[in-house]
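Shown next, in structure tokens, is the structure this report addresses.
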Amino acid sequence: MTPQPRFKDTHHFKDFWEKGNGKQLIDFSGAEVSFKNFDRFAAHFYHVDEIGDEVVKDVYFTKKFHEASREIEGYIRNGVSDTDDVPESVKNLFAQTHHIPEWLDYSLLKSGAELCMRGNIDSLISLRDYCLMGGYDYAYLNKPLTATEALKKGAVKRLSETLDFWVNATRYDALELHKKGYEFAIKTRLIHSYARLSIKKHYRQWDTENWGEPINSWDMMATYIGFSLVFLHSLQKLGNTFTEEEEKGIFHLWKYVGYLLGIPEELLPDGKKQATEYFYLWTSVQPPSDKDSILLAHSLLNESLENPILKFKFQRKNLRYLHICCTWFLLDDEVCKRLQIPDVPNRNLFPKTKIMINKIYDHVVSRDARIKKGNKDQMKVLEDYLSITKNSNFH
């Protein structure tokens with residue numbers, strides 16, 4: 001099977017790339033988009049992380065889930081020695097993730113982490129209202145969420161898991177062997193393999209030809225371009241500035257996370273120009289929102305109302321309103337209409353105020369102070385989410 005760029009002449013594709021956020025990404029990155037490399041990338045629509053899949057078959061499918069998880073945690077924290085009696089697949093996984101690629105630059109990882117922290121709450125707004133919400137507009141990308149019935153566990157739990165992964169992957173030294181970010185990358189990789197194998201086994205309606213393999217390498221590339229390119233574009237839209245070093249750093253950080261997750265290296269962009277060109281090709285195989293997309297989008301919007309972090313109903317309604325304002329501001333109007341995001345009065349007021357405050361903040365508060373405060377505030381949000389998801393209502 002070879003996928004075709006079959007949505008390249010549709011309205012949603014053209015609108016995005018000719019007058020929407022896609023055009024802004026091209027202007028932002030200096031990308032030269034075309035279909036000349038399409039076939040080289042498209043093959044990854046049917047490519048998966050076989051190393052991870054083998055570990056799941058050998059470890060998770062042969063014992064109880066919690067026992068398998070404990071065993072894998074032991075390998076993550078202590079490594080695997082040649083004398084250990086472990087399956088070959090486990091040795092392969094840790095041989096790959098323990099191998100430090102020649103291109104890895106620790107000072108760039110540090111710059112990338114600092115930008116994530118320095119962005120403070122804007123980083124979290126970007127992840128939620130642009131990266132996650134915007135991702136729901138790509139119907140096939142979301143099929144694994146539908147197939148694994150992720151909607152049933154609710155947006156609070158999903159958001160909490162994404163936040164836990166993102167925060168832990170973007171702190172100082174987090175990605176060094178055996179550290180927390182490294183641990184999250186390996187666990188996430190195996191969760192993807194577990195979900196993929198379960199979908200293939202139990203979900204009869206899976207349409208491989210159109211949707212690609214479940215959680216395939218090309219979709220994974222697009223997701224990680226969300227964490228780098230789209231995230232960066234969102235920070236800029238909200239009035240944040242960043243240095244060339246920080247920009248390089250954010251791509252480098254997610255390139256290494258992608259490497260740990262088993263995404264083929266040729267799919268991991270080094271900078272915004274490459275990322276935009278890669279993303280352009282991928283979007284041509286994705287149709288726009290469908291009914292599942294709308295359900296996912298509304299589940300995320302209503303998360304603010306369900307979430308007990310804020311005590312009073314009026315606070316929760318206000319938070320939902322602010323997220324809706326940011327969604328309209330950050331995403332194309334056409335995307336918001338497709339996802340049926342409700343229209344609200346004065347929707348530009350909050351984002352415009354944020355931009356103004358960021359410009360002042362830039363001159364008044366030192367970079368180090370902002371990194372420190374951003375780290376503290378993000379950790380606090382994560383802590384709040386983790387404490388409520390321990391509550392049985394959100395399991």
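Chain lettering (A, B, ...) mirrors the order of the structure tokens, residue numbering begins at 1 for each chain separately, and ligand numbering begins at 1 in order of display.
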Between range 4-51 of chain A and range 267-280 of chain A, at 8 Å or less, what are the per-residue closest atom pairs and their distances in Å? Count only C-alpha atoms, order by chain and rising residue number, and return it as JSON lines.
{"residue": "A:Leu25", "atom": "CA", "partner": "A:Thr276", "partner_atom": "CA", "distance": 6.6}
{"residue": "A:Ile26", "atom": "CA", "partner": "A:Thr276", "partner_atom": "CA", "distance": 6.7}
{"residue": "A:Ser29", "atom": "CA", "partner": "A:Lys273", "partner_atom": "CA", "distance": 4.7}
{"residue": "A:Gly30", "atom": "CA", "partner": "A:Lys273", "partner_atom": "CA", "distance": 5.8}
{"residue": "A:Ala31", "atom": "CA", "partner": "A:Lys273", "partner_atom": "CA", "distance": 4.6}
{"residue": "A:Glu32", "atom": "CA", "partner": "A:Glu277", "partner_atom": "CA", "distance": 6.6}
{"residue": "A:Val33", "atom": "CA", "partner": "A:Glu277", "partner_atom": "CA", "distance": 5.3}
{"residue": "A:Ser34", "atom": "CA", "partner": "A:Glu277", "partner_atom": "CA", "distance": 7.6}
{"residue": "A:Phe41", "atom": "CA", "partner": "A:Leu267", "partner_atom": "CA", "distance": 7.6}
Would you save the residues of that selection, restricted to N, CA, C and O atoms, as a tab-separated table (two decimals), in the first residue's frame?
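Below is the file that was written, result_9.tsv:
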chain	number	residue	atom	x	y	z
A	25	LEU	N	2.81	29.58	9.17
A	25	LEU	CA	3.97	28.71	9.44
A	25	LEU	C	5.01	28.82	8.34
A	25	LEU	O	6.21	28.83	8.61
A	26	ILE	N	4.55	28.90	7.09
A	26	ILE	CA	5.48	29.07	5.96
A	26	ILE	C	6.22	30.40	6.09
A	26	ILE	O	7.45	30.48	5.94
A	29	SER	N	8.70	30.28	8.98
A	29	SER	CA	9.85	29.35	8.89
A	29	SER	C	10.67	29.48	7.61
A	29	SER	O	11.75	28.90	7.51
A	30	GLY	N	10.11	30.17	6.61
A	30	GLY	CA	10.81	30.24	5.32
A	30	GLY	C	10.78	28.91	4.57
A	30	GLY	O	11.63	28.63	3.73
A	31	ALA	N	9.77	28.08	4.88
A	31	ALA	CA	9.69	26.74	4.26
A	31	ALA	C	9.38	26.84	2.77
A	31	ALA	O	8.71	27.78	2.33
A	32	GLU	N	9.90	25.87	2.02
A	32	GLU	CA	9.56	25.74	0.60
A	32	GLU	C	8.78	24.44	0.44
A	32	GLU	O	9.37	23.36	0.41
A	33	VAL	N	7.47	24.57	0.37
A	33	VAL	CA	6.65	23.35	0.40
A	33	VAL	C	6.38	22.83	-1.01
A	33	VAL	O	6.15	23.59	-1.93
A	34	SER	N	6.45	21.50	-1.14
A	34	SER	CA	6.12	20.85	-2.42
A	34	SER	C	5.92	19.37	-2.12
A	34	SER	O	6.13	18.92	-0.99
A	41	PHE	N	8.42	10.05	2.58
A	41	PHE	CA	7.81	10.17	3.91
A	41	PHE	C	6.59	9.27	4.05
A	41	PHE	O	6.35	8.70	5.11
*Residue neighbourhood Lys200 in chain A, 12 Å, only C-alpha atoms, exclusion window fewer than 6 positions, as number ranges by chain*: A: 53, 144, 147-148, 193-194, 206-208, 212-215
Mind dumping the selected residues with C-alpha atoms as a tab-separated table (two decimals), in the first residue's frame?
chain	number	residue	atom	x	y	z
A	53	ASP	CA	5.87	-3.95	19.98
A	144	PRO	CA	-6.60	5.44	17.86
A	147	ALA	CA	-10.59	2.87	19.00
A	148	THR	CA	-9.17	2.70	22.56
A	193	SER	CA	2.85	-0.24	21.40
A	194	TYR	CA	0.34	-1.73	23.85
A	206	TRP	CA	-9.62	-0.43	11.77
A	207	ASP	CA	-9.08	0.78	8.18
A	208	THR	CA	-5.31	0.43	7.67
A	212	GLY	CA	-2.40	4.02	8.27
A	213	GLU	CA	-1.19	1.61	10.95
A	214	PRO	CA	-2.47	2.58	14.42
A	215	ILE	CA	-0.05	5.11	15.98
*Would you mind telling me which residue in A:Leu310, A:Leu238, A:Ile225, A:Ile72 lies nearest to His178 in chain A when using only C-alpha atoms?*
A:Ile72
*Could you give me, as a PyMOL selection string, each residue of range 11-243 of chain A that DSSP assigns to alpha helix (DSSP H) when run on this structure's backbone?*
chain A and resi 11-18+21-29+38-42+50-58+65-78+88-98+106-118+120-125+133-135+143-147+150-153+155-169+180-202+208-211+217-225+231-237
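For the set A:Leu229, A:Leu145, A:Ile360, A:Ala139, the residue with the smallest atom-to-atom gap to Pro287 in chain A is A:Ala139, counting only C-alpha atoms.
Closest to Phe45 in chain A among A:Trp166, A:Tyr106, A:Tyr140, A:Trp254 is A:Tyr140, based on only C-alpha atoms.
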*Write out as a PyMOL selection string the residues lying within 9 Å of range 118-132 of chain A, counting only C-alpha atoms and excluding same-chain residues fewer than 6 positions away.*
chain A and resi 159+163+223+226-227+230-235+238+240+297+300+323-324+326-328+330-331+354+367-378
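If you look at CA of Tyr259 in chain A and CA of Ile51 in chain A, they are 12.5 Å away from each other.
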Hey, what's within 8 Å of Ser111 in chain A if we count only C-alpha atoms and toss same-chain stuff fewer than 5 positions away? As a tab-separated table (two decimals) with C-alpha atoms, in the first residue's frame, please?
chain	number	residue	atom	x	y	z
A	245	GLU	CA	19.46	29.25	20.56
A	246	GLU	CA	16.13	28.60	22.35
A	249	GLY	CA	16.83	23.98	21.51
A	250	ILE	CA	13.12	23.24	21.34
_For Glu50 in chain A, find every residue with an atom within 10 Å (counting only C-alpha atoms), except residues of its own chain fewer than 5 positions away, and show them as a PyMOL selection string._
chain A and resi 55-56+89+93+193+262
*Compile the contact shell of Glu209 in chain A as a PyMOL selection string: residues with an atom at most 9 Å away, counting only C-alpha atoms, same-chain residues fewer than 5 positions apart removed.*
chain A and resi 1-3+46
Hey, could you make a per-residue contact list for range 37-74 of chain A against range 5-22 of chain A with 10 Å as the cut-off, showing the nearest pair of atoms and its distance in Å to one decimal, counting only C-alpha atoms, sorted by chain and number, as JSON lines?
{"residue": "A:Phe38", "atom": "CA", "partner": "A:Pro5", "partner_atom": "CA", "distance": 7.8}
{"residue": "A:Asp39", "atom": "CA", "partner": "A:Pro5", "partner_atom": "CA", "distance": 9.4}
{"residue": "A:Ala42", "atom": "CA", "partner": "A:Pro5", "partner_atom": "CA", "distance": 8.7}
Preceding selection exported with C-alpha atoms as an mmCIF file, in the first residue's frame:
data_model
loop_
_atom_site.group_PDB
_atom_site.id
_atom_site.type_symbol
_atom_site.label_atom_id
_atom_site.label_comp_id
_atom_site.auth_asym_id
_atom_site.auth_seq_id
_atom_site.Cartn_x
_atom_site.Cartn_y
_atom_site.Cartn_z
ATOM 1 C CA PHE A 38 6.108 12.761 -0.623
ATOM 2 C CA ASP A 39 6.867 9.079 -1.309
ATOM 3 C CA ALA A 42 4.532 8.454 3.024
#
